[in-house]
>>> print(open('coords.cif').read())   # mmCIF, C-alpha atoms
data_upload
#
loop_
_atom_site.label_atom_id
_atom_site.label_comp_id
_atom_site.auth_asym_id
_atom_site.auth_seq_id
_atom_site.Cartn_x
_atom_site.Cartn_y
_atom_site.Cartn_z
CA MET S 1250 63.23 105.94 89.27
CA MET S 1251 63.80 102.25 88.61
CA GLU S 1252 66.88 103.16 86.58
CA LYS S 1253 68.30 104.99 89.59
CA TYR S 1254 67.79 101.96 91.81
CA LYS S 1255 69.49 99.76 89.26
CA ILE S 1256 72.46 102.11 89.15
CA LEU S 1257 72.69 102.27 92.95
CA ILE S 1258 72.59 98.48 93.23
CA SER S 1259 75.26 98.10 90.55
CA ILE S 1260 77.48 100.68 92.33
CA ILE S 1261 77.16 98.78 95.62
CA PHE S 1262 77.89 95.51 93.79
CA ILE S 1263 81.04 97.06 92.27
CA ASN S 1264 82.08 98.20 95.75
CA LEU S 1265 81.64 94.67 97.10
CA ILE S 1266 83.68 93.12 94.30
CA LEU S 1267 86.52 95.65 94.21
CA SER S 1268 87.13 96.32 97.90
CA SER S 1269 88.74 93.59 99.93
CA CYS S 1270 88.15 94.02 103.60
CA GLY S 1271 88.47 90.93 105.73
CA SER S 1272 88.17 89.92 109.34
CA LEU S 1273 90.49 88.23 111.79
CA SER S 1274 88.05 85.35 112.26
CA ASN S 1275 88.74 83.80 108.85
CA GLN S 1276 92.50 84.17 109.13
CA LYS S 1277 95.02 81.59 110.24
CA LYS S 1278 97.65 83.76 111.85
CA ASN S 1279 100.99 82.23 112.78
CA ASN S 1280 101.12 83.63 116.26
CA SER S 1281 103.72 82.42 118.68
CA GLU S 1282 101.39 80.87 121.24
CA GLU S 1283 103.86 80.21 123.96
CA PHE S 1284 101.17 80.61 126.64
CA LEU S 1285 98.76 78.23 124.98
CA ILE S 1286 97.93 75.32 127.30
CA GLU S 1287 96.49 72.26 125.70
CA LYS S 1288 93.48 70.85 127.47
CA LYS S 1289 94.08 67.34 128.71
CA SER S 1290 91.39 64.71 128.49
CA PRO S 1291 89.66 63.96 131.82
CA LEU S 1292 91.15 61.27 134.03
CA SER S 1293 89.70 57.79 133.53
CA MET S 1294 90.31 54.34 134.94
CA PRO S 1295 92.53 52.04 132.85
CA PRO S 1296 90.55 49.29 131.10
CA ASP S 1297 92.46 46.43 132.85
CA PHE S 1298 92.37 48.01 136.27
CA GLU S 1299 90.43 45.06 137.76
CA LYS S 1300 93.10 42.61 136.55
CA LEU S 1301 95.92 44.32 138.47
CA PRO S 1302 97.21 42.32 141.53
CA LYS S 1303 96.00 43.55 144.85
CA PRO S 1304 98.66 44.84 147.27
CA THR S 1305 99.72 42.39 150.03
CA GLY S 1306 100.99 42.96 153.61
CA ASN S 1307 104.65 42.04 152.77
CA GLN S 1308 105.29 45.38 151.16
CA ILE S 1309 104.32 47.21 154.35
CA THR S 1310 106.74 45.14 156.49
CA GLU S 1311 109.55 45.73 154.02
CA ILE S 1312 108.96 49.45 154.21
CA LYS S 1313 108.94 49.23 158.02
CA GLU S 1314 112.21 47.32 157.98
CA GLU S 1315 113.73 49.90 155.70
CA SER S 1316 112.58 52.68 157.97
CA ASN S 1317 114.03 50.83 160.97
CA ASN S 1318 117.33 50.54 159.16
CA VAL S 1319 117.31 54.22 158.52
CA GLU S 1320 116.53 54.86 162.16
CA ASP S 1321 119.44 52.60 163.18
CA LEU S 1322 121.74 54.41 160.87
CA ILE S 1323 120.76 57.75 162.39
CA LYS S 1324 121.10 56.39 165.88
CA GLY S 1325 124.45 54.88 165.00
CA THR S 1326 125.78 58.15 163.74
CA LEU S 1327 124.46 59.81 166.84
CA ASN S 1328 126.28 57.25 168.99
CA GLN S 1329 129.43 57.80 167.01
CA ASN S 1330 129.03 61.49 167.53
CA ASN S 1331 128.59 60.88 171.25
CA GLN S 1332 131.83 58.91 171.43
CA PRO S 1333 134.79 60.84 172.82
CA ASN S 1334 136.94 62.32 170.13
CA VAL S 1335 140.06 60.34 169.30
CA PRO S 1336 143.03 62.62 169.53
CA VAL S 1337 144.33 63.41 166.09
CA GLU S 1338 148.00 62.95 165.56
CA SER S 1339 149.87 66.13 165.28
CA PRO S 1340 151.81 66.79 162.07
CA SER S 1341 155.15 66.27 163.89
CA ASN S 1342 154.13 62.73 164.99
CA LEU S 1343 153.07 61.94 161.43
CA GLU S 1344 156.48 62.97 160.13
CA GLU S 1345 158.19 60.82 162.68
CA SER S 1346 156.11 57.75 161.84
CA ILE S 1347 156.80 58.20 158.12
CA ILE S 1348 160.52 58.54 158.77
CA GLU S 1349 160.46 55.35 160.88
CA LYS S 1350 158.71 53.45 158.10
CA ILE S 1351 161.32 54.63 155.60
CA LYS S 1352 164.12 53.58 157.91
CA ASN S 1353 162.57 50.15 158.39
CA ASN S 1354 162.41 49.62 154.64
CA MET J 1102 93.11 123.25 71.47
CA ILE J 1103 90.85 120.25 72.15
CA LEU J 1104 93.82 117.90 71.95
CA LYS J 1105 95.75 120.14 74.35
CA ASN J 1106 92.86 120.10 76.85
CA LEU J 1107 92.51 116.34 76.46
CA ASN J 1108 96.21 115.84 77.16
CA LYS J 1109 96.06 118.13 80.18
CA ASN J 1110 93.03 116.32 81.58
CA PHE J 1111 94.61 112.95 80.86
CA LEU J 1112 97.76 114.00 82.72
CA ILE J 1113 95.78 115.17 85.76
CA ASN J 1114 93.79 111.93 85.79
CA LEU J 1115 96.95 109.86 85.42
CA ILE J 1116 98.69 111.72 88.27
CA LEU J 1117 95.62 111.23 90.50
CA VAL J 1118 95.40 107.50 89.78
CA LEU J 1119 99.16 106.97 90.08
CA SER J 1120 99.45 108.91 93.35
CA ILE J 1121 96.60 106.89 94.94
CA PHE J 1122 98.08 103.64 93.60
CA LEU J 1123 101.61 104.46 94.85
CA PHE J 1124 100.34 105.63 98.25
CA ASP J 1125 98.48 102.34 98.60
CA ARG J 1126 101.51 100.31 97.47
CA PHE J 1127 103.84 102.11 99.86
CA SER J 1128 101.47 101.61 102.81
CA LYS J 1129 101.09 97.89 102.06
CA LEU J 1130 104.82 97.30 101.60
CA TYR J 1131 105.61 99.17 104.82
CA VAL J 1132 103.05 97.16 106.80
CA ILE J 1133 104.37 93.88 105.33
CA TYR J 1134 107.91 94.95 106.36
CA LEU J 1135 106.71 95.80 109.89
CA ASP J 1136 104.80 92.52 110.12
CA LYS J 1137 108.01 90.61 109.38
CA LYS J 1138 109.88 92.75 111.89
CA PHE J 1139 107.33 92.05 114.67
CA PHE J 1140 107.06 88.34 113.76
CA GLY J 1141 103.38 88.50 112.76
CA SER J 1142 102.08 90.10 115.93
CA GLU J 1143 100.16 93.39 116.22
CA ILE J 1144 102.09 96.31 114.75
CA PHE J 1145 100.19 99.09 116.50
CA ALA J 1146 97.44 99.03 119.09
CA SER J 1147 95.32 101.81 120.55
CA LYS J 1148 91.84 102.34 121.97
CA PHE J 1149 90.12 102.65 118.58
CA LEU J 1150 92.68 101.69 115.96
CA ASN J 1151 94.87 98.63 115.57
CA ILE J 1152 97.32 97.91 112.78
CA ILE J 1153 97.52 94.18 112.13
CA LEU J 1154 98.27 92.45 108.83
CA ILE J 1155 95.85 89.87 107.46
CA TRP J 1156 95.70 88.40 103.96
CA ASN J 1157 92.31 88.38 102.25
CA GLU J 1158 91.88 85.98 99.33
CA GLY J 1159 88.24 86.90 98.77
CA ILE J 1160 86.28 90.10 98.15
CA ALA J 1161 84.65 92.55 100.55
CA PHE J 1162 83.88 91.35 104.09
CA GLY J 1163 86.04 88.28 103.50
CA LEU J 1164 83.42 86.81 101.17
CA PHE J 1165 84.37 84.12 98.66
CA SER J 1166 87.74 83.41 100.27
CA PHE J 1167 88.02 79.82 99.12
CA ASN J 1168 91.15 77.77 98.98
CA GLU J 1169 90.37 76.62 95.45
CA LYS J 1170 92.40 78.33 92.74
CA PHE J 1171 89.57 78.07 90.21
CA PHE J 1172 87.22 80.38 92.15
CA TYR J 1173 90.08 82.74 92.93
CA ASN J 1174 90.99 83.06 89.25
CA ILE J 1175 87.36 83.60 88.22
CA LEU J 1176 87.04 86.37 90.82
CA THR J 1177 90.24 88.02 89.58
CA ILE J 1178 88.98 87.91 85.97
CA LEU J 1179 85.65 89.41 87.09
CA ILE J 1180 87.48 92.23 88.88
CA LEU J 1181 89.60 92.92 85.77
CA ILE J 1182 86.43 93.11 83.63
CA ILE J 1183 84.86 95.58 86.10
CA ILE J 1184 88.06 97.67 86.01
CA LEU J 1185 87.81 97.81 82.22
CA ILE J 1186 84.15 98.90 82.44
CA ILE J 1187 85.12 101.63 84.96
CA PHE J 1188 87.87 102.76 82.59
CA PHE J 1189 85.35 103.24 79.77
CA MET J 1190 82.94 104.99 82.16
CA ILE J 1191 85.71 107.44 83.07
CA MET J 1192 86.19 108.27 79.40
CA LYS J 1193 82.47 108.96 78.99
CA ASN J 1194 81.90 111.01 82.16
CA ASP J 1195 83.25 114.28 83.50
CA GLY J 1196 83.13 116.44 86.60
CA ILE J 1197 82.78 114.96 90.10
CA LYS J 1198 81.50 111.68 88.70
CA LYS J 1199 84.70 111.26 86.74
CA TYR J 1200 86.88 111.92 89.79
CA SER J 1201 84.91 109.50 91.93
CA LEU J 1202 85.33 106.88 89.20
CA LEU J 1203 89.06 107.65 89.08
CA MET J 1204 89.29 107.02 92.82
CA ILE J 1205 87.49 103.69 92.40
CA LEU J 1206 89.79 102.76 89.51
CA ALA J 1207 92.98 103.59 91.46
CA GLY J 1208 91.83 101.60 94.48
CA ALA J 1209 90.75 98.67 92.35
CA LEU J 1210 94.12 98.64 90.56
CA GLY J 1211 95.88 98.61 93.94
CA ASN J 1212 93.91 95.58 95.10
CA VAL J 1213 94.08 93.67 91.83
CA PHE J 1214 97.87 94.17 91.75
CA ASP J 1215 98.10 92.32 95.09
CA ARG J 1216 95.67 89.64 93.95
CA ILE J 1217 97.92 88.90 90.96
CA PHE J 1218 101.35 89.20 92.62
CA TYR J 1219 100.68 88.00 96.20
CA ARG J 1220 97.57 85.90 95.43
CA ALA J 1221 95.90 87.71 98.36
CA VAL J 1222 95.21 91.31 99.38
CA PRO J 1223 96.91 92.63 102.53
CA ASP J 1224 94.49 94.38 104.92
CA PHE J 1225 95.76 96.09 108.03
CA ILE J 1226 93.52 98.95 109.31
CA ASP J 1227 91.41 97.60 112.17
CA PHE J 1228 88.94 100.10 113.69
CA HIS J 1229 87.26 98.89 116.84
CA VAL J 1230 85.13 100.08 119.73
CA GLY J 1231 85.81 97.87 122.70
CA ASN J 1232 85.49 94.31 121.50
CA PHE J 1233 83.47 95.23 118.40
CA HIS J 1234 85.81 95.13 115.39
CA TRP J 1235 84.86 96.48 111.99
CA PHE J 1236 86.23 94.58 108.99
CA ILE J 1237 89.95 95.11 108.47
CA PHE J 1238 90.66 97.15 105.35
CA ASN J 1239 93.47 98.92 103.46
CA VAL J 1240 94.13 102.26 101.75
CA SER J 1241 92.66 101.04 98.43
CA ASP J 1242 89.40 100.16 100.17
CA ILE J 1243 89.20 103.71 101.58
CA PHE J 1244 89.43 105.22 98.07
CA ILE J 1245 87.05 102.67 96.51
CA THR J 1246 84.44 103.23 99.22
CA SER J 1247 84.87 107.03 99.08
CA GLY J 1248 84.38 106.94 95.30
CA VAL J 1249 81.33 104.72 95.63
CA ILE J 1250 79.78 106.96 98.30
CA MET J 1251 80.36 109.97 96.04
CA MET J 1252 78.73 108.09 93.13
CA ILE J 1253 75.72 107.15 95.28
CA LEU J 1254 75.30 110.75 96.47
CA ILE J 1255 75.54 112.02 92.88
CA GLU J 1256 72.88 109.52 91.80
CA ILE J 1257 70.58 110.39 94.71
CA PHE J 1258 70.86 114.15 94.41
CA SER J 1259 71.00 114.46 90.64
CA LYS J 1260 67.60 115.85 89.56
CA LYS J 1261 67.34 114.12 86.25
CA TYR J 1262 68.81 110.91 84.99
CA ASP J 1263 70.68 111.88 81.84
CA GLY J 1264 71.52 108.37 80.69
CA LYS J 1265 75.23 108.72 81.42
CA ILE J 1266 77.12 106.50 83.82
#
>>> encode(input="coords.cif", output="structure tokens")
Amino acid sequence: MMEKYKILISIIFINLILSSCGSLSNQKKNNSEEFLIEKKSPLSMPPDFEKLPKPTGNQITEIKEESNNVEDLIKGTLNQNNQPNVPVESPSNLEESIIEKIKNN
Amino acid sequence: MILKNLNKNFLINLILVLSIFLFDRFSKLYVIYLDKKFFGSEIFASKFLNIILIWNEGIAFGLFSFNEKFFYNILTILILIIILIIFFMIMKNDGIKKYSLLMILAGALGNVFDRIFYRAVPDFIDFHVGNFHWFIFNVSDIFITSGVIMMILIEIFSKKYDGKI
């Protein structure tokens, strides 16, 4: 009986040694991980944050001035648009003026 | 007459071992070709069976798969010794026991060939039920395990131990 057990154990041992089944867990596959997103470290305050200069009121006025300028520009264009259209010279008048200039030269 | 029978038996045994070995080789080469074609991703996927190539440097269940060459070489030498023992066992035995040993020998030769030439054994048959995956194996493993199961059954159901193995 003991002999049989010994034989069975040796057969199983042979099976373990000779067969070579593996698992995916201990494999380093070269998959194309195009959808892999790397986790970023959590946001933290910079170490010299306290040393940074505090914002002053000048910056706000500058921004206001800039915005006013922009407003003026828009208004100006609007005014220009409101102005009556200057009559454009017709092509015949242009020809005549060019001919006059040539004659003068 | 005896010599004639011996030659005939030897030829049958050789054909059996060679056919198993070549079937295993063909399957492995085809899977390696498909793996290159699909750029290392899954070759086939279904509800219960996936075909995906992995390289096993160890023994069964991915055991002893170290990066060190020393352990790898020792394992390969151990496998070669076991193959030699099986070869002598085949010569001593006959009947179903002999054919089960032949199956083990053919499978072992298939795996040891890869261990020597690729320095790893390609496994690709992945049976799974849902998320539970059994260990990935190859054609050689099927024949080795079948031979071993046959040997175990013979040992269990044989009435008397006759001293032969």
>>> closest_residue(input="coords.cif", among="J:Ile1153, J:Val1230, J:Ile1250, J:Leu1135", to="J:Leu1202", atoms="only C-alpha atoms")
J:Ile1250
>>> residues_around(input="coords.cif", residues="stretch 1238-1249 of chain J", least_positions_apart="6", cutoff="8 Å", atoms="only C-alpha atoms", output="PDB file with C-alpha atoms, in the frame of the given file")
ATOM      1  CA  ILE S1260      77.480 100.680  92.330  1.00  0.00           C
ATOM      2  CA  ILE S1261      77.160  98.780  95.620  1.00  0.00           C
ATOM      3  CA  ASN S1264      82.080  98.200  95.750  1.00  0.00           C
ATOM      4  CA  LEU S1267      86.520  95.650  94.210  1.00  0.00           C
ATOM      5  CA  SER S1268      87.130  96.320  97.900  1.00  0.00           C
ATOM      6  CA  SER S1269      88.740  93.590  99.930  1.00  0.00           C
ATOM      7  CA  CYS S1270      88.150  94.020 103.600  1.00  0.00           C
ATOM      8  CA  GLY S1271      88.470  90.930 105.730  1.00  0.00           C
TER       9      GLY S1271
ATOM     10  CA  ILE J1121      96.600 106.890  94.940  1.00  0.00           C
ATOM     11  CA  PHE J1122      98.080 103.640  93.600  1.00  0.00           C
ATOM     12  CA  PHE J1124     100.340 105.630  98.250  1.00  0.00           C
ATOM     13  CA  ASP J1125      98.480 102.340  98.600  1.00  0.00           C
ATOM     14  CA  SER J1128     101.470 101.610 102.810  1.00  0.00           C
ATOM     15  CA  LYS J1129     101.090  97.890 102.060  1.00  0.00           C
ATOM     16  CA  TYR J1200      86.880 111.920  89.790  1.00  0.00           C
ATOM     17  CA  SER J1201      84.910 109.500  91.930  1.00  0.00           C
ATOM     18  CA  LEU J1202      85.330 106.880  89.200  1.00  0.00           C
ATOM     19  CA  LEU J1203      89.060 107.650  89.080  1.00  0.00           C
ATOM     20  CA  MET J1204      89.290 107.020  92.820  1.00  0.00           C
ATOM     21  CA  ILE J1205      87.490 103.690  92.400  1.00  0.00           C
ATOM     22  CA  LEU J1206      89.790 102.760  89.510  1.00  0.00           C
ATOM     23  CA  ALA J1207      92.980 103.590  91.460  1.00  0.00           C
ATOM     24  CA  GLY J1208      91.830 101.600  94.480  1.00  0.00           C
ATOM     25  CA  ALA J1209      90.750  98.670  92.350  1.00  0.00           C
ATOM     26  CA  GLY J1211      95.880  98.610  93.940  1.00  0.00           C
ATOM     27  CA  ASN J1212      93.910  95.580  95.100  1.00  0.00           C
ATOM     28  CA  PRO J1223      96.910  92.630 102.530  1.00  0.00           C
ATOM     29  CA  ASP J1224      94.490  94.380 104.920  1.00  0.00           C
ATOM     30  CA  PHE J1225      95.760  96.090 108.030  1.00  0.00           C
ATOM     31  CA  ILE J1226      93.520  98.950 109.310  1.00  0.00           C
ATOM     32  CA  ASP J1227      91.410  97.600 112.170  1.00  0.00           C
TER      33      ASP J1227
END
>>> resolve_selection(input="coords.cif", expression="the PyMOL selection byres ((chain J) within 6 of (chain S))", output="ChimeraX atom specification")
/J:1157,1160-1163,1209,1236-1238,1242
>>> atom_distance(input="coords.cif", atom1="atom CA of S:Met1251", atom2="atom CA of J:Ile1253")
14.5 Å
>>> atom_distance(input="coords.cif", atom1="atom CA of J:Glu1143", atom2="atom CA of J:Val1222")
17.7 Å
>>> atom_distance(input="coords.cif", atom1="atom CA of J:Leu1185", atom2="atom CA of J:Arg1220")
20.3 Å
>>> build_atoms(input="coords.cif", residues="stretch 1119-1132 of chain J", atoms="N, CA and C atoms", output="compact mmCIF listing (two decimals), keeping the file's coordinate frame")
# COMPACT_ATOMS: atom_id res chain seq x y z
N LEU J 1119 97.83 107.46 89.69
CA LEU J 1119 99.16 106.97 90.08
C LEU J 1119 99.49 107.30 91.53
N SER J 1120 99.13 108.52 91.97
CA SER J 1120 99.45 108.91 93.35
C SER J 1120 98.67 108.04 94.35
N ILE J 1121 97.40 107.76 94.05
CA ILE J 1121 96.60 106.89 94.94
C ILE J 1121 97.20 105.48 94.94
N PHE J 1122 97.53 105.00 93.75
CA PHE J 1122 98.08 103.64 93.60
C PHE J 1122 99.42 103.51 94.36
N LEU J 1123 100.29 104.52 94.20
CA LEU J 1123 101.61 104.46 94.85
C LEU J 1123 101.49 104.60 96.37
N PHE J 1124 100.57 105.47 96.81
CA PHE J 1124 100.34 105.63 98.25
C PHE J 1124 99.88 104.31 98.86
N ASP J 1125 98.99 103.65 98.15
CA ASP J 1125 98.48 102.34 98.60
C ASP J 1125 99.61 101.30 98.63
N ARG J 1126 100.40 101.28 97.56
CA ARG J 1126 101.51 100.31 97.47
C ARG J 1126 102.51 100.52 98.61
N PHE J 1127 102.87 101.79 98.82
CA PHE J 1127 103.84 102.11 99.86
C PHE J 1127 103.33 101.67 101.24
N SER J 1128 102.04 101.98 101.51
CA SER J 1128 101.47 101.61 102.81
C SER J 1128 101.48 100.09 103.00
N LYS J 1129 101.13 99.36 101.96
CA LYS J 1129 101.09 97.89 102.06
C LYS J 1129 102.49 97.31 102.26
N LEU J 1130 103.45 97.82 101.48
CA LEU J 1130 104.82 97.30 101.60
C LEU J 1130 105.40 97.60 102.99
N TYR J 1131 105.09 98.79 103.50
CA TYR J 1131 105.61 99.17 104.82
C TYR J 1131 105.01 98.29 105.92
N VAL J 1132 103.71 98.01 105.80
CA VAL J 1132 103.05 97.16 106.80
C VAL J 1132 103.58 95.72 106.71
